[in-house]
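Visitor: One structure, as structure tokens, below. Some questions next.
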Amino acid sequence: MYAKNVTVRNPSGLHARPASELVARAKQFRSKILLHRPDSQVEGNAKSIIILLSMGIHQGETVELMAEGPDEREAVEDLAALIEGGFGEI
Amino acid sequence: MNYSGTAVSEGVAIGTVYLYQRARPQIEAYSAGTPAEEAAAYDAASLAARAELETLRERLLSAGDQEKADIFGAHLELLTDEVMDGEIREAIREEGLSAPQAVERVFTAYAALLSQMDDPLIREREMDLRDVCGRLLRGLAGEAEEPSLSRLPGPVILVAEDLLPSDTAALDREHVLGIVTEVGGSTSHTAIIARSHEIPAVLGVREICRLLHTGQEIILDAVEGTIRTEWSEEERASYEKKRRQVLRRQARAKQYLACTPVTRDGVRIEVELNIASADPKELEPARYTDGVGLFRSEFLYMGRDQLPDEEEQFQAYRRVLLAYGDRPVVLRTMDIGGDKPLECLELPKEDNPFLGNRALRLCFQRPELFHTQLRAALRASVFGNLWLMFPMVASIEDIRRAKEALRKAREELGAQGIPYAPGMKVGIMVEIPSIALLADKAAQEVDFASIGTNDLVQYTTAVDRGNPEVRQYYQTFHPAVFRLIGMVVRAFSQQGKPVGVCGEMGGNPLTAAVLLGLGIRRLSMGAASLAPIKELVCAIDCEQAREIAETVCACSTAQEAEEYLRGWFDHLICQEE
């Protein structure tokens with residue numbers, strides 16, 4: 001397993017277009033990818049739009065990105081860069 | 001017969017009804033097979049739905065309509081969502097549900113979850129889930145795709161129980177004169193679409209699908225929110241006239257709404273919006289404004305039995321700030337008193353609530369309420385250009401006490417390592433004559449002021465504006481009020497501090513002209529006033545406005561001032577035409 005904390009920087013948070021982008025990108029990896037909100041038990045599948053929407057992650061929140069599988073490190077690093085890069089919104 | 005509902009998109013339509021009924025897929029008659037057969041049926045329906053959505057999306061893309069194509073793109077994402085897909089398969093396999101039962105259960109559960117989210121944009125996605133669910137169920141029931149709104153039989157008034165995103169995306173705008181639905185209010189998906197396409201719409205008309213039939217002629221009055229099925233010739237003519245009037249007014253408004261408000265002599269006037277919630281509908285006119293001149297925070301406390309916590313307030317403030325980017329958003333701290341009973345906050349009934357324990361006074365008495373709001377506002381301040389404003393200030397002590405409470409909130413956040421914007425501007429509402437008279441002293445204590453003219457008139461003329469017995473004494477054009485405003489503007493301007501107006505005077509072209517003449521350069525108003533005020537600003541020059549202000553300040557009575565202003569205004573508009 002490989003994990004990393006990332007902070008959501010774009011204004012709209014992980015909703016709408018950024019959520020779709022994240023899901024599409026996550027699906028390119030074979031590993032199981034999870035988003036985990038610290039201080040809560042909530043853990044969600046990053047390849048599911050419905051899960052991302054129902055997590056409602058806002059700008060400024062820090063979440064843990066975890067992956068397990070053959071390309072776990074690559075997946076986490078790639079998605080972390082996407083999230084930290086603000087999805088082109090900033 | 002007459003029926004009524006909520007007018008959500010202004011206009012008048014006269015035409016024939018097209019009843020659009022999306023038949024509920026007949027899944028009751030569905031005969032379920034073995035789990036393996038059900039899984040196969042689900043696979044087939046899912047593939048068929050996918051093909052339908054891809055076709056719809058491609059058709060819109062090749063027509064260059066990216067926005068509508070995205071709706072179907074989002075539906076494809078939901079349809080192929082691996083979590084929902086997995087849960088549906090599991091329900092079929094493990095619990096022996098039929099394919100339609102499993103689809104309906106999983107989609108309904110997630111729709112319910114989304115409908116409870118804080119963010120209205122996410123809540124709206126519930127409609128997309130219902131839409132995709134319907135598509136899958138139709139496939140399972142072996143029903144063809146529903147009659148599409150892209151092929152309407154000529155110009156019609158569309159009558160439906162409700163419209164889903166895929167309905168409105170297919171909508172043939174050219175052939176829709178109006179929209180009537182049984183469910184939905186002013187923030188519903190249908191309302192937003194109707195407004196963006198400028199289609200007259202009345203929603204929330206109970207059982208209307210049962211009461212009207214295709215081909216029937218009706219008059220839809222989406223100003224009043226009524227539907228008529230019978231009328232005389234004269235009535236029809238008057239609706240026809242009303243229809244043209246609304247169209248003319250809309251055309252004029254459109255012309256001015258988007259313009260930059262600059263006077264004839266080149267002075268840029270800031271035109272801002274008053275809002276009373278963080279609702280997307282309220283934020284729609286954001287692009288036509290220079291900021292929010294008054295963000296009322298009372299909505300947080302209304303219609304609920306528990307006080308809003310810090311997080312909820314923070315989210316609401318943040319949403320508005322994000323919508324406005326670096327333009328200022330003036331947040332007024334709670335202006336609550338004994339005039340309106342609240343379930344979440346028991347306040348003793350007072351004989352004279354407007355002179356009582358309200359707004360800042362209540363905040364001083366209940367510091368924990370104030371503290372929560374101040375923390376939420378400070379936390380939100382890093383997301384935009386927040387200006388914080390205290391209402392009901394009567395003395396310099398009030399200002400100092402409020403600032404002290406703010407200092408404590410800052411200190412606490414600082415100690416907790418929670419970020420806030422250190423340079424957040426702090427100002428006051430000027431609505432009590434005592435602080436208007438001390439404006440020079442007040443200006444030394446704060447960064448800005450906004451004049452709340454409704455209360456300033458009420459407190460200056462000693463008229464309870466909620467009491468119909470004394471309505472005639474409530475005089476917006478009272479020369480004394482104009483003189484007071486002049487004093488405030490001079491005091492703040494001398495110290496280089498911004499002063500605006502956020503009461504009704506700012507949204508009325510007659511009084512706005514006087515305000516400009518008194519030196520006001522920021523006006524904040526309801527959305528409906530934006531176009532008329534911008535029109536006024538573009539038609540006037542500052543010297544002219546100054547003369548107008550001098551004249552009304554020299555009047556003896558409100559009537560004299562009003563008559564003068566009306567005469568002058570008619571003259572101005574005549575010149576324009």
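By convention here, the chains of the structure tokens are called A, B, ... in the order presented, each chain's residues are numbered starting at 1, and ligands are numbered starting at 1 in the order presented.
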Neighbouring residues of Ala75 of chain A were defined as those with any atom within 12 Å, considering only C-alpha atoms; residues of the same chain fewer than 4 positions away were excluded. Please report them as a ChimeraX atom specification.
Guide: /A:1-4,22-23,25-34,46-47,65-71,79-82
Visitor: At a cut-off of 8 Å, can you tabulate as a tab-separated table every residue of chain B near chain A together with its closest atom pair and the distance in Å to one decimal, using only C-alpha atoms and ordering rows by chain then number?
Guide:
residue	atom	partner	partner_atom	distance
B:Glu77	CA	A:Ile49	CA	7.0
B:Leu78	CA	A:Ile49	CA	6.9
B:Asp81	CA	A:Ser48	CA	5.5
B:Glu82	CA	A:Ser48	CA	5.9
B:Val83	CA	A:Ser48	CA	6.0
B:Met84	CA	A:Ile50	CA	7.8
B:Tyr110	CA	A:Ile50	CA	7.6
B:Leu113	CA	A:Ser54	CA	6.9
B:Leu114	CA	A:Ser54	CA	6.0
B:Met117	CA	A:Ser54	CA	7.3
B:Asp119	CA	A:Gly56	CA	7.7
B:Ile122	CA	A:Leu53	CA	6.6
B:Leu322	CA	A:Pro11	CA	6.6
Visitor: Would you please extract all strand (DSSP E or B) residues from chain A, as assigned by DSSP on the backbone, and give them as a PyMOL selection string?
Guide: chain A and resi 2-7+32-36+43-45+62-68
Visitor: For the selection you just gave me, I'd like the residues written to a file as a compact mmCIF listing (two decimals), in the first residue's frame, keeping N, CA and C atoms.
Guide:
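Output saved as part-v3.txt:
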# COMPACT_ATOMS: atom_id res chain seq x y z
N TYR A 2 0.38 2.26 -0.71
CA TYR A 2 1.13 3.51 -0.77
C TYR A 2 0.12 4.63 -0.50
N ALA A 3 0.50 5.61 0.32
CA ALA A 3 -0.47 6.67 0.66
C ALA A 3 0.23 8.02 0.78
N LYS A 4 -0.58 9.06 0.63
CA LYS A 4 -0.02 10.40 0.69
C LYS A 4 -1.15 11.38 1.05
N ASN A 5 -0.81 12.42 1.82
CA ASN A 5 -1.82 13.45 2.11
C ASN A 5 -1.79 14.52 1.02
N VAL A 6 -2.98 14.92 0.59
CA VAL A 6 -3.04 16.01 -0.39
C VAL A 6 -4.07 17.03 0.04
N THR A 7 -3.81 18.29 -0.32
CA THR A 7 -4.75 19.36 0.01
C THR A 7 -5.45 19.80 -1.27
N LYS A 32 -6.36 -0.44 -6.66
CA LYS A 32 -7.55 0.04 -5.96
C LYS A 32 -7.15 1.38 -5.34
N ILE A 33 -7.95 2.42 -5.57
CA ILE A 33 -7.56 3.75 -5.07
C ILE A 33 -8.66 4.29 -4.14
N LEU A 34 -8.22 4.74 -2.98
CA LEU A 34 -9.19 5.24 -2.00
C LEU A 34 -8.84 6.65 -1.56
N LEU A 35 -9.90 7.41 -1.24
CA LEU A 35 -9.71 8.71 -0.62
C LEU A 35 -10.19 8.57 0.81
N HIS A 36 -9.42 9.11 1.73
CA HIS A 36 -9.79 8.97 3.13
C HIS A 36 -9.75 10.33 3.79
N GLU A 43 -14.21 6.50 3.92
CA GLU A 43 -13.21 6.10 2.95
C GLU A 43 -13.95 5.87 1.65
N GLY A 44 -13.48 6.45 0.57
CA GLY A 44 -14.26 6.29 -0.66
C GLY A 44 -13.42 5.88 -1.83
N ASN A 45 -14.04 5.14 -2.72
CA ASN A 45 -13.43 4.67 -3.94
C ASN A 45 -13.23 5.85 -4.90
N THR A 62 -7.76 18.63 3.59
CA THR A 62 -6.66 17.71 3.31
C THR A 62 -7.18 16.29 3.44
N VAL A 63 -6.92 15.49 2.43
CA VAL A 63 -7.40 14.11 2.45
C VAL A 63 -6.23 13.17 2.18
N GLU A 64 -6.41 11.93 2.58
CA GLU A 64 -5.36 10.95 2.34
C GLU A 64 -5.72 10.15 1.09
N LEU A 65 -4.76 10.05 0.22
CA LEU A 65 -4.94 9.31 -1.03
C LEU A 65 -4.18 7.99 -0.87
N MET A 66 -4.90 6.88 -1.03
CA MET A 66 -4.24 5.59 -0.81
C MET A 66 -4.46 4.69 -2.01
N ALA A 67 -3.46 3.87 -2.34
CA ALA A 67 -3.64 2.92 -3.43
C ALA A 67 -3.00 1.59 -3.07
N GLU A 68 -3.59 0.57 -3.59
CA GLU A 68 -3.02 -0.75 -3.36
C GLU A 68 -3.13 -1.54 -4.66
Visitor: I want to know what sits within 6 Å of segment 386-390 of chain B, based on only C-alpha atoms, with residues of the same chain fewer than 2 positions away left out; could you give that as a short mmCIF file (atom, residue, chain, number, x, y, z; two decimals) with all heavy atoms, in the first residue's frame?
Guide:
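Result file is result_5.cif:
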data_model
loop_
_atom_site.label_atom_id
_atom_site.label_comp_id
_atom_site.auth_asym_id
_atom_site.auth_seq_id
_atom_site.Cartn_x
_atom_site.Cartn_y
_atom_site.Cartn_z
N PRO B 328 -15.74 42.55 -3.74
CA PRO B 328 -16.11 42.54 -2.32
C PRO B 328 -17.48 41.91 -2.04
O PRO B 328 -18.40 42.03 -2.84
CB PRO B 328 -16.13 44.03 -1.94
CG PRO B 328 -16.15 44.79 -3.21
CD PRO B 328 -15.59 43.92 -4.28
N VAL B 329 -17.55 41.22 -0.93
CA VAL B 329 -18.82 40.68 -0.43
C VAL B 329 -19.00 41.23 0.99
O VAL B 329 -18.20 40.91 1.88
CB VAL B 329 -18.79 39.14 -0.40
CG1 VAL B 329 -20.03 38.60 0.31
CG2 VAL B 329 -18.70 38.57 -1.81
N VAL B 330 -19.99 42.08 1.16
CA VAL B 330 -20.22 42.69 2.47
C VAL B 330 -21.19 41.82 3.26
O VAL B 330 -22.38 41.74 2.95
CB VAL B 330 -20.79 44.13 2.33
CG1 VAL B 330 -21.02 44.73 3.71
CG2 VAL B 330 -19.86 45.01 1.51
N LEU B 331 -20.65 41.15 4.26
CA LEU B 331 -21.47 40.26 5.09
C LEU B 331 -21.95 41.03 6.32
O LEU B 331 -21.14 41.54 7.09
CB LEU B 331 -20.64 39.05 5.52
CG LEU B 331 -21.31 38.12 6.53
CD1 LEU B 331 -22.50 37.39 5.92
CD2 LEU B 331 -20.32 37.11 7.09
N ARG B 332 -23.25 41.09 6.46
CA ARG B 332 -23.80 41.75 7.64
C ARG B 332 -24.04 40.70 8.72
O ARG B 332 -24.70 39.69 8.47
CB ARG B 332 -25.12 42.44 7.29
CG ARG B 332 -25.76 43.13 8.49
CD ARG B 332 -26.99 43.89 8.10
NE ARG B 332 -28.11 42.99 7.85
CZ ARG B 332 -29.30 43.39 7.40
NH1 ARG B 332 -29.50 44.68 7.13
NH2 ARG B 332 -30.26 42.53 7.19
N THR B 333 -23.52 40.95 9.91
CA THR B 333 -23.76 39.99 10.99
C THR B 333 -25.25 40.03 11.35
O THR B 333 -25.97 40.94 10.96
CB THR B 333 -22.89 40.30 12.22
OG1 THR B 333 -23.18 41.62 12.67
CG2 THR B 333 -21.40 40.19 11.89
N SER B 381 -13.01 34.16 5.23
CA SER B 381 -12.40 35.35 4.63
C SER B 381 -11.23 35.03 3.71
O SER B 381 -10.90 35.82 2.83
CB SER B 381 -11.96 36.33 5.72
OG SER B 381 -10.92 35.77 6.50
N GLY B 384 -11.94 34.82 -0.44
CA GLY B 384 -12.37 35.89 -1.33
C GLY B 384 -12.10 37.23 -0.67
O GLY B 384 -11.17 37.36 0.12
N MET B 424 -9.05 41.80 6.48
CA MET B 424 -10.50 41.90 6.25
C MET B 424 -11.03 43.26 6.69
O MET B 424 -10.79 43.69 7.80
CB MET B 424 -11.20 40.78 7.03
CG MET B 424 -12.71 40.77 6.85
SD MET B 424 -13.48 39.41 7.77
CE MET B 424 -13.43 40.06 9.44
N LYS B 425 -11.78 43.90 5.80
CA LYS B 425 -12.32 45.21 6.13
C LYS B 425 -13.50 45.07 7.10
O LYS B 425 -14.30 44.14 7.00
CB LYS B 425 -12.80 45.92 4.87
CG LYS B 425 -11.66 46.46 4.01
CD LYS B 425 -12.23 47.42 2.99
CE LYS B 425 -11.22 48.25 2.22
NZ LYS B 425 -9.90 47.73 2.02
N VAL B 426 -13.58 46.04 8.03
CA VAL B 426 -14.65 46.00 9.03
C VAL B 426 -15.41 47.31 8.96
O VAL B 426 -14.79 48.39 8.96
CB VAL B 426 -14.04 45.81 10.43
CG1 VAL B 426 -15.12 45.83 11.49
CG2 VAL B 426 -13.26 44.51 10.49
N GLY B 427 -16.73 47.22 8.88
CA GLY B 427 -17.50 48.44 8.73
C GLY B 427 -18.81 48.39 9.49
O GLY B 427 -19.10 47.43 10.21
N ILE B 428 -19.58 49.44 9.32
CA ILE B 428 -20.86 49.52 10.02
C ILE B 428 -21.99 49.87 9.06
O ILE B 428 -21.77 50.47 8.02
CB ILE B 428 -20.85 50.60 11.13
CG1 ILE B 428 -20.39 51.95 10.57
CG2 ILE B 428 -20.00 50.17 12.31
CD1 ILE B 428 -20.66 53.12 11.47
N MET B 429 -23.17 49.50 9.49
CA MET B 429 -24.39 49.91 8.83
C MET B 429 -24.74 51.25 9.48
O MET B 429 -24.70 51.37 10.71
CB MET B 429 -25.38 48.90 9.30
CG MET B 429 -26.47 48.35 8.61
SD MET B 429 -26.40 47.84 7.00
CE MET B 429 -28.16 47.86 6.76
#
Visitor: Write out as a PyMOL selection string the residues lying within 7 Å of Ile275 of chain B, counting only C-alpha atoms and excluding same-chain residues fewer than 3 positions away.
Guide: chain B and resi 282+294-296
Visitor: Could those selected residues go to a file with N, CA, C and O atoms, as a compact mmCIF listing (two decimals), in the first residue's frame?
Guide:
# COMPACT_ATOMS: atom_id res chain seq x y z
N GLU B 282 -29.75 33.12 -6.25
CA GLU B 282 -29.39 34.48 -5.83
C GLU B 282 -28.06 34.90 -6.43
O GLU B 282 -27.79 36.08 -6.60
N LEU B 294 -24.67 43.82 0.24
CA LEU B 294 -25.33 43.41 1.48
C LEU B 294 -25.64 41.92 1.39
O LEU B 294 -26.44 41.50 0.57
N PHE B 295 -24.96 41.15 2.21
CA PHE B 295 -25.25 39.73 2.33
C PHE B 295 -25.91 39.56 3.69
O PHE B 295 -25.26 39.62 4.72
N ARG B 296 -27.23 39.40 3.68
CA ARG B 296 -27.96 39.25 4.94
C ARG B 296 -27.72 37.85 5.47
O ARG B 296 -27.86 36.88 4.72
Visitor: What's the 10 Å shell around Gln544 of chain B, counting only C-alpha atoms, without same-chain residues fewer than 4 positions away, as a list of chain:residue names?
Guide: B:Ala513, B:Val514, B:Leu516, B:Gly517, B:Ile540, B:Ile548, B:Ala549
Visitor: What gap, in Å, lies between atom CA of Cys553 of chain B and atom CA of Pro479 of chain B?
Guide: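 These atoms are spaced 5.2 Å apart.
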Visitor: Which residue gives the smallest distance to Lys241 of chain B among B:Val12, B:Val446, B:Val202, B:Ile396, with only C-alpha atoms counted?
Guide: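 For Lys241 of chain B, the nearest of the given residues is B:Val12.
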Visitor: Identify all residues of chain A in alpha helix (DSSP H) (DSSP on the backbone) and supply them as a PyMOL selection string.
Guide: chain A and resi 16-26+49-55+72-84
Visitor: Can you write out the residues you just picked, keeping C-alpha atoms, as a short mmCIF file (atom, residue, chain, number, x, y, z; two decimals), in the first residue's frame?
Guide:
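That gives us result34.cif:
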data_model
loop_
_atom_site.label_atom_id
_atom_site.label_comp_id
_atom_site.auth_asym_id
_atom_site.auth_seq_id
_atom_site.Cartn_x
_atom_site.Cartn_y
_atom_site.Cartn_z
CA ALA A 16 -18.47 18.72 -10.73
CA ARG A 17 -15.76 18.80 -13.36
CA PRO A 18 -12.74 18.22 -11.08
CA ALA A 19 -14.48 15.15 -9.63
CA SER A 20 -15.06 13.77 -13.14
CA GLU A 21 -11.47 14.44 -14.08
CA LEU A 22 -10.20 12.69 -11.00
CA VAL A 23 -12.39 9.65 -11.63
CA ALA A 24 -11.34 9.40 -15.27
CA ARG A 25 -7.70 9.64 -14.32
CA ALA A 26 -8.03 7.13 -11.45
CA ILE A 49 -18.16 9.67 -9.22
CA ILE A 50 -21.09 8.99 -6.92
CA ILE A 51 -18.73 8.40 -4.00
CA LEU A 52 -16.77 11.58 -4.68
CA LEU A 53 -19.98 13.59 -4.90
CA SER A 54 -21.35 12.17 -1.70
CA MET A 55 -18.09 12.86 0.13
CA GLU A 72 0.03 2.02 -6.48
CA ARG A 73 2.93 4.45 -6.20
CA GLU A 74 2.47 5.81 -9.70
CA ALA A 75 -1.29 6.17 -9.17
CA VAL A 76 -0.96 8.12 -5.92
CA GLU A 77 1.76 10.39 -7.25
CA ASP A 78 -0.14 11.11 -10.45
CA LEU A 79 -3.48 11.85 -8.75
CA ALA A 80 -1.81 13.87 -6.00
CA ALA A 81 -0.22 16.08 -8.64
CA LEU A 82 -3.60 16.51 -10.32
CA ILE A 83 -5.31 17.51 -7.07
CA GLU A 84 -2.51 19.73 -5.80
#
Visitor: Find the distance between atom CA of Arg407 of chain B and atom CA of Leu360 of chain B and write it in Å to one decimal.
Guide: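 Spanning atom CA of Arg407 of chain B to atom CA of Leu360 of chain B is a straight-line distance of 15.7 Å.
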Visitor: Hey, can you check how far atom CA of Arg243 of chain B sits from atom CA of Leu257 of chain B?
Guide: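 Those two atoms sit 20.4 Å apart.
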